[in-house]
Every structure is written in C-alpha cells, then in structure tokens.
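Participant: Sharing model_23.txt here; it has compact mmCIF, C-alpha atoms.
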```
# COMPACT_ATOMS: atom_id res chain seq x y z
CA MET A 26 -27.24 82.07 108.42
CA ASN A 27 -26.29 80.77 111.81
CA ARG A 28 -22.99 79.22 112.71
CA ALA A 29 -24.07 75.64 112.11
CA VAL A 30 -25.56 76.30 108.70
CA CYS A 31 -22.45 78.07 107.44
CA SER A 32 -20.29 75.06 108.19
CA TRP A 33 -22.86 72.53 106.95
CA LEU A 34 -23.06 74.03 103.49
CA ALA A 35 -19.39 73.36 102.91
CA VAL A 36 -19.85 69.95 101.46
CA ALA A 37 -17.88 67.04 102.90
CA LEU A 38 -16.10 64.63 100.59
CA ILE A 39 -13.84 62.22 102.43
CA PRO A 40 -15.21 60.29 104.23
CA LEU A 41 -18.95 60.01 103.67
CA THR A 42 -21.43 60.67 106.43
CA ALA A 43 -22.35 57.38 108.07
CA ALA A 44 -24.96 55.37 106.20
CA PRO A 45 -28.51 55.52 107.58
CA GLN A 46 -29.53 53.07 110.25
CA SER A 47 -32.52 50.78 109.99
CA SER A 48 -35.95 52.44 110.04
CA SER A 49 -36.47 51.26 113.65
CA THR A 50 -33.53 53.25 114.99
CA ALA A 51 -32.87 56.08 112.52
CA LEU A 52 -33.87 59.57 113.59
CA GLU A 53 -36.83 61.10 111.76
CA PHE A 54 -38.53 64.47 111.46
CA GLU A 55 -41.77 64.69 113.42
CA VAL A 56 -43.63 66.51 110.64
CA ALA A 57 -42.73 67.05 107.00
CA SER A 58 -44.32 68.59 103.92
CA ILE A 59 -43.04 67.92 100.38
CA ARG A 60 -44.42 69.72 97.32
CA ARG A 61 -43.37 70.19 93.72
CA ALA A 62 -41.82 73.64 93.42
CA ASP A 63 -43.42 76.46 91.47
CA PRO A 64 -42.13 76.01 87.88
CA ASP A 65 -41.82 79.80 87.60
CA ALA A 66 -39.69 80.13 90.74
CA LYS A 67 -36.38 81.87 90.06
CA ASN A 68 -34.59 81.51 93.39
CA ASN A 69 -33.70 78.54 95.54
CA SER A 70 -32.54 78.14 99.12
CA LEU A 71 -31.74 75.61 101.81
CA TYR A 72 -31.48 76.57 105.46
CA THR A 73 -31.97 75.00 108.87
CA ASP A 74 -33.45 75.93 112.24
CA ARG A 75 -30.65 75.27 114.72
CA GLY A 76 -30.48 71.64 113.67
CA THR A 77 -34.19 70.96 114.31
CA GLY A 78 -35.78 72.00 111.04
CA LEU A 79 -35.05 71.80 107.32
CA HIS A 80 -36.38 74.35 104.82
CA VAL A 81 -35.80 73.66 101.13
CA GLU A 82 -37.12 75.84 98.32
CA ASN A 83 -36.90 74.99 94.63
CA PHE A 84 -34.18 72.32 94.91
CA THR A 85 -33.70 69.29 92.68
CA LEU A 86 -33.81 65.91 94.35
CA ARG A 87 -30.14 65.47 93.46
CA ASP A 88 -29.36 68.58 95.51
CA ILE A 89 -31.33 67.23 98.46
CA ILE A 90 -29.70 63.79 98.31
CA THR A 91 -26.18 65.20 98.13
CA PHE A 92 -27.02 67.42 101.12
CA ALA A 93 -28.37 64.44 103.09
CA TRP A 94 -25.18 62.43 102.59
CA ASP A 95 -22.85 65.45 102.67
CA ILE A 96 -21.37 64.62 99.26
CA ARG A 97 -20.65 66.17 95.86
CA ASP A 98 -22.43 65.37 92.57
CA PHE A 99 -19.73 62.98 91.37
CA GLN A 100 -20.22 60.90 94.53
CA LEU A 101 -23.78 60.04 93.52
CA ALA A 102 -24.34 57.27 90.95
CA GLY A 103 -27.25 55.32 89.50
CA ALA A 104 -29.59 58.32 89.52
CA PRO A 105 -32.53 58.55 87.07
CA ALA A 106 -32.61 61.68 84.91
CA TRP A 107 -35.72 63.15 86.56
CA ILE A 108 -33.94 63.87 89.86
CA ASP A 109 -31.97 66.56 88.00
CA THR A 110 -35.01 68.32 86.56
CA GLU A 111 -37.90 68.01 89.01
CA ARG A 112 -37.71 70.56 91.84
CA TYR A 113 -39.24 70.39 95.31
CA ASP A 114 -40.11 72.50 98.34
CA ILE A 115 -39.65 70.80 101.71
CA VAL A 116 -40.49 71.92 105.24
CA ALA A 117 -39.55 69.37 107.91
CA LYS A 118 -39.32 69.84 111.68
CA THR A 119 -38.53 68.08 114.92
CA ALA A 120 -38.62 69.26 118.52
CA ARG A 121 -34.95 69.26 119.41
CA VAL A 122 -31.52 67.74 118.87
CA ALA A 123 -31.33 64.40 120.66
CA GLY A 124 -28.72 64.47 123.41
CA LEU A 125 -29.06 68.21 124.08
CA ALA A 126 -31.45 68.99 126.93
CA VAL A 127 -31.59 72.66 125.93
CA MET A 128 -30.76 74.03 122.50
CA PRO A 129 -27.95 76.58 122.87
CA ASP A 130 -27.77 79.81 120.94
CA PRO A 131 -26.14 79.06 117.54
CA LYS A 132 -23.50 81.71 118.25
CA THR A 133 -22.38 79.90 121.39
CA MET A 134 -22.69 76.28 120.23
CA THR A 135 -19.53 74.26 120.74
CA ASP A 136 -18.00 72.38 117.82
CA GLN A 137 -19.29 69.14 119.35
CA GLU A 138 -22.85 70.48 119.65
CA SER A 139 -22.75 71.83 116.11
CA ASP A 140 -21.44 68.52 114.75
CA LEU A 141 -24.16 66.62 116.64
CA ALA A 142 -26.91 68.85 115.27
CA ASP A 143 -25.44 68.56 111.77
CA HIS A 144 -25.25 64.76 111.91
CA GLN A 145 -28.79 64.40 113.23
CA LEU A 146 -30.26 66.79 110.66
CA ARG A 147 -28.70 64.86 107.78
CA GLU A 148 -29.81 61.53 109.30
CA ARG A 149 -33.38 62.81 109.52
CA THR A 150 -33.18 64.01 105.92
CA ARG A 151 -32.02 60.55 104.82
CA SER A 152 -34.94 59.01 106.70
CA LEU A 153 -37.31 61.43 104.96
CA LEU A 154 -35.93 60.46 101.56
CA ALA A 155 -36.36 56.78 102.40
CA SER A 156 -39.93 57.10 103.68
CA ARG A 157 -41.33 59.58 101.15
CA PHE A 158 -39.28 58.84 98.02
CA GLY A 159 -38.64 55.14 98.65
CA LEU A 160 -34.92 55.83 98.35
CA VAL A 161 -32.66 52.79 98.70
CA VAL A 162 -28.89 53.17 98.31
CA HIS A 163 -25.64 51.37 98.90
CA GLN A 164 -22.10 52.66 99.28
CA GLU A 165 -19.11 51.83 97.08
CA SER A 166 -15.52 52.99 96.82
CA ARG A 167 -14.59 54.18 93.32
CA GLU A 168 -11.31 55.59 92.04
CA HIS A 169 -11.36 59.26 91.03
CA ALA A 170 -8.92 62.00 90.21
CA ILE A 171 -8.46 63.88 93.49
CA PHE A 172 -6.35 66.65 94.99
CA ASP A 173 -4.14 66.47 98.07
CA LEU A 174 -4.07 69.71 100.05
CA THR A 175 -0.56 70.38 101.37
CA ILE A 176 1.47 73.29 102.72
CA ALA A 177 3.42 75.09 99.98
CA LYS A 178 7.21 75.46 100.13
CA ALA A 179 6.93 79.19 100.83
CA GLY A 180 5.11 78.44 104.08
CA LEU A 181 1.63 78.82 105.51
CA LYS A 182 -0.13 82.20 105.18
CA LEU A 183 -3.43 81.38 106.89
CA LYS A 184 -4.34 83.65 109.82
CA PRO A 185 -4.61 81.65 113.08
CA VAL A 186 -7.72 82.29 115.17
CA VAL A 187 -7.49 82.25 118.95
CA THR A 188 -10.89 83.79 119.74
CA PRO A 189 -13.49 83.31 116.97
CA GLY A 190 -15.63 86.29 116.07
CA GLU A 191 -19.36 86.26 115.34
CA GLN A 192 -18.83 85.12 111.74
CA LEU A 193 -18.17 81.39 111.60
CA GLY A 194 -18.02 79.28 108.46
CA PHE A 195 -17.80 80.48 104.87
CA ARG A 196 -18.87 83.46 102.80
CA GLY A 197 -18.15 84.03 99.14
CA GLY A 198 -19.22 84.21 95.56
CA ARG A 199 -17.81 83.90 92.07
CA GLY A 200 -14.01 84.01 92.32
CA ARG A 201 -13.96 84.69 96.06
CA SER A 202 -14.06 82.58 99.22
CA ALA A 203 -13.71 83.83 102.78
CA GLY A 204 -13.43 81.56 105.81
CA PHE A 205 -13.90 82.40 109.47
CA ALA A 206 -12.58 80.13 112.24
CA ILE A 207 -12.41 77.19 109.84
CA THR A 208 -10.29 74.06 110.17
CA ALA A 209 -8.08 72.55 107.47
CA PRO A 210 -10.60 69.73 106.76
CA MET A 211 -13.32 72.38 106.34
CA LEU A 212 -11.11 74.27 103.89
CA ALA A 213 -10.50 71.04 101.96
CA LYS A 214 -14.28 70.66 101.61
CA GLU A 215 -14.60 74.24 100.38
CA LEU A 216 -11.83 73.71 97.82
CA SER A 217 -13.58 70.56 96.65
CA ARG A 218 -16.71 72.61 96.05
CA ILE A 219 -14.67 75.14 94.06
CA THR A 220 -12.66 72.66 92.00
CA GLY A 221 -15.34 70.00 91.57
CA ARG A 222 -12.89 67.31 92.62
CA PRO A 223 -12.35 65.53 95.98
CA VAL A 224 -9.75 67.25 98.15
CA ALA A 225 -7.98 65.34 100.91
CA ASP A 226 -6.47 67.35 103.76
CA LYS A 227 -2.79 66.40 104.04
CA THR A 228 -1.65 69.60 105.80
CA GLY A 229 -1.45 68.21 109.32
CA LEU A 230 -2.91 71.51 110.59
CA THR A 231 -5.00 71.28 113.76
CA GLY A 232 -5.92 74.91 114.46
CA LYS A 233 -8.64 77.28 113.27
CA TYR A 234 -8.01 80.01 110.71
CA ASP A 235 -9.45 83.05 108.95
CA TYR A 236 -8.71 83.60 105.27
CA ILE A 237 -9.70 85.45 102.11
CA LEU A 238 -9.02 83.76 98.77
CA GLU A 239 -9.57 85.49 95.41
CA TRP A 240 -8.96 84.08 91.94
CA SER A 241 -10.15 84.42 88.36
CA PRO A 242 -13.26 82.24 87.99
CA ASP A 243 -12.74 82.18 84.21
CA THR A 244 -9.45 80.25 84.38
CA GLY A 245 -11.06 76.90 85.08
CA VAL A 246 -9.81 74.18 87.40
CA ALA A 247 -8.86 71.35 85.06
CA ASP A 248 -5.21 71.63 85.99
CA ALA A 249 -2.74 73.88 87.78
CA ASP A 250 -1.60 75.81 84.68
CA ALA A 251 -2.54 79.46 84.24
CA VAL A 252 -4.81 80.26 81.31
CA ALA A 253 -3.36 82.67 78.76
CA GLY A 254 -5.05 86.05 78.74
CA SER A 255 -6.95 85.50 81.98
CA SER A 256 -7.66 88.49 84.18
CA GLY A 257 -6.27 86.94 87.35
CA PRO A 258 -4.64 83.90 88.95
CA THR A 259 -6.02 80.39 88.79
CA ILE A 260 -7.35 78.90 92.00
CA PHE A 261 -4.08 76.94 92.23
CA THR A 262 -1.85 80.00 91.95
CA ALA A 263 -4.05 82.05 94.27
CA LEU A 264 -4.02 79.29 96.87
CA GLN A 265 -0.21 79.25 96.97
CA GLU A 266 0.30 83.01 96.84
CA GLN A 267 -2.48 84.03 99.22
CA LEU A 268 -2.77 81.13 101.68
CA GLY A 269 0.54 79.28 101.36
CA LEU A 270 -1.20 76.04 100.42
CA LYS A 271 -0.98 73.76 97.41
CA LEU A 272 -3.27 71.37 95.56
CA GLU A 273 -1.46 68.33 94.16
CA SER A 274 -3.27 66.20 91.57
CA THR A 275 -3.40 62.45 92.22
CA LYS A 276 -5.84 59.53 92.19
CA GLY A 277 -7.49 57.76 95.04
CA PRO A 278 -10.59 55.94 96.29
CA VAL A 279 -13.68 58.09 96.84
CA ASP A 280 -16.76 56.87 98.67
CA THR A 281 -19.79 56.90 96.36
CA ILE A 282 -23.50 56.59 97.09
CA VAL A 283 -25.24 54.40 94.48
CA ILE A 284 -29.02 54.65 94.08
CA ASP A 285 -30.72 51.25 93.92
CA HIS A 286 -34.30 52.54 93.93
CA ILE A 287 -36.16 55.87 94.05
CA ASP A 288 -39.73 57.01 93.38
CA ARG A 289 -41.45 60.32 93.09
CA PRO A 290 -42.67 61.42 96.53
CA SER A 291 -45.67 59.98 98.31
CA PRO A 292 -48.50 62.41 99.20
CA ASN A 293 -48.26 64.58 102.32
```
If you took the structure in this file and wrote it as structure tokens, what would it be?

Facilitator:
Amino acid sequence: MNRAVCSWLAVALIPLTAAPQSSSTALEFEVASIRRADPDAKNNSLYTDRGTGLHVENFTLRDIITFAWDIRDFQLAGAPAWIDTERYDIVAKTARVAGLAVMPDPKTMTDQESDLADHQLRERTRSLLASRFGLVVHQESREHAIFDLTIAKAGLKLKPVVTPGEQLGFRGGRGRSAGFAITAPMLAKELSRITGRPVADKTGLTGKYDYILEWSPDTGVADADAVAGSSGPTIFTALQEQLGLKLESTKGPVDTIVIDHIDRPSPN
C-alpha cells in the first residue's frame, strides 16, 4: 500500500467528512464498473491508485458507504438488511487529483496533498453511490458512549518522529497495531477501529510518532477492566503501559449518516 492508502484506511470518526455537494458540483469518477461479487470469493480488498482510482473486491455496500463517508458502522443508520449481505466489485477511475498539476510520488506526497487526494477520492465515491445506487442520506448528531484519549499520569511513551521513514500509516493484525509517522488524531481513529467506539483526541499532541501496541485480543473492549485468566493485557492496560496514553469512557454527540433511500445498482 502507498502512503495515502495506509492513512485512509484508518477510519475517521469525529468529525464526519463533509457531506456531498450537489450533483452539478460534486467530483465524479470518469469511468466506473460495478458488479456483484463472485459468491464463492474468499478474500476481499480495497485499495486506491494514488487518489485517482478505487478498486473494491468482494465488499458489502455497508463497507463501501462507511469508506465513502470515513465513518464506522455505528455511524450509519437507516440501512436495509441487504447492504450487509450483498457484495460488490467496483473499479472506478479518474485522470488526476483536481488542484494538482502533476501527481507526485506517493512516498513524497505532502500531508496536504495526501489529504486532498483522500478527500476527493471519498467525494467521488459518494457521487458514485448516489448515481448508481440512488443513495440519498442526511446527517444527524446522536449521543453515543465514546472514549476520550488523554495522556496517562505516568507520561507519554510515544516515539517522536523528526524524519519519517518509508513506512507511513498503520500496519497490524489481531492484537497488534503499529503506527509510523502518525498524528494523535490518526491514532484516535485507529483506537476507534480497535475498540468499536468513537475516540476523541484530547491529548493536545501536535507532532508525529512511531509506536507498537500489543494486547490480548481475547480480553474484549467493553470496559477498562482486565479479564480474569486472559493471556495478556487489555487494550486499555496496554495503551497506558506501552504508549503512556489513556482511554476514558464518557458520552458525547457523534455525527451519524442516516440513509433515506438506496437501490440496488443500475447497470454498467
């Protein structure tokens, strides 16, 4: 994965990506193909071409919608049951990122260029959903249980990054997350993915950091208490001991996308 993709797949929670513009001004892909996925397919993937192309294989429509709005499952409401079961393959392309005369190498893209490419890709995906699936949504604020990310009393243990290396974004798997040149808001997004609950960055940190976080994936994330007999620390304990950060449970407003209308896709 290139630099931009690594950061994009860490799903944003607070705030939502801006709502799509009207069809006359919203960015669109120049060509797009949508097909029902092979029912026997075992793997799935989503990747991009430097912000100009979207490749989706064997994804549910829910997955695609949450990607388009940069949200988590609990931030999507009003969805019919079939968007969780029917899977699609999508190939969509455009010539370039608007506002960039020449597409830079992903390894040398600035944060601003990466953010611009990210925003435009998601906007084009929203336009695709509107034109081919008839998707109509509105945005509401709903109260949810959330976590505040703060610095623990023992002090910060994140490794500051002055000169980022070639790896940028996130890598990980079950019970492990590694970040490279990430910001505190990016880490909050990653922790939201892990915990399944919105995480608000309250650290006040402005730098970039490398980290490795390891915990027992069998301990669950319902609360901050360790589970008896578990083989390792909870995500909460690991976060404090390994990174010097803390998740504090609270409640707060969370932006939610509500589906007003959606159809199965129109023909290619």

Participant: Measuring between only C-alpha atoms, which one of A:Ile260, A:Ile219, A:Ala177, A:Ile89 shows the shortest distance to A:Phe158?

Facilitator: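 Among the listed residues, A:Ile89 lies closest to A:Phe158.
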
Participant: Pick from A:Val279, A:Leu181, A:Leu71, A:Ala51: nearest to A:Arg97, with all atoms listed in the file counted?

Facilitator: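 Ranking A:Val279, A:Leu181, A:Leu71, A:Ala51 by distance to A:Arg97, first place goes to A:Val279.
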
Participant: Around (-6.3, 87.2, 118.7), as given in the file, which residues come within 12 Å? Count all atoms listed in the file and list them as a list in words.

Facilitator: Lys184, Pro185, Val186, Val187, Thr188, Pro189, Gly190, Ala206, Lys233, Tyr234 and Asp235 of chain A

Participant: Emit the selected residues as an mmCIF file, keeping the file's coordinate frame, including C-alpha atoms.

Facilitator:
```
data_model
loop_
_atom_site.group_PDB
_atom_site.id
_atom_site.type_symbol
_atom_site.label_atom_id
_atom_site.label_comp_id
_atom_site.auth_asym_id
_atom_site.auth_seq_id
_atom_site.Cartn_x
_atom_site.Cartn_y
_atom_site.Cartn_z
ATOM 1 C CA LYS A 184 -4.340 83.650 109.820
ATOM 2 C CA PRO A 185 -4.610 81.650 113.080
ATOM 3 C CA VAL A 186 -7.720 82.290 115.170
ATOM 4 C CA VAL A 187 -7.490 82.250 118.950
ATOM 5 C CA THR A 188 -10.890 83.790 119.740
ATOM 6 C CA PRO A 189 -13.490 83.310 116.970
ATOM 7 C CA GLY A 190 -15.630 86.290 116.070
ATOM 8 C CA ALA A 206 -12.580 80.130 112.240
ATOM 9 C CA LYS A 233 -8.640 77.280 113.270
ATOM 10 C CA TYR A 234 -8.010 80.010 110.710
ATOM 11 C CA ASP A 235 -9.450 83.050 108.950
#
```

Participant: Could you check the closest approach to A:Thr150 for each of A:Phe172, A:Trp94, A:Tyr72, A:Phe261 and tell me which residue wins, using only C-alpha atoms?

Facilitator: A:Trp94

Participant: Do you have the atom CA of A:Asn68-atom CA of A:Asp109 distance handy?

Facilitator: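 These atoms are spaced 16.1 Å apart.
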
Participant: Just to confirm, what's the straight-line distance from atom CA of A:Ser202 to atom CA of A:Glu239 in Å (one decimal)?

Facilitator: 6.6 Å
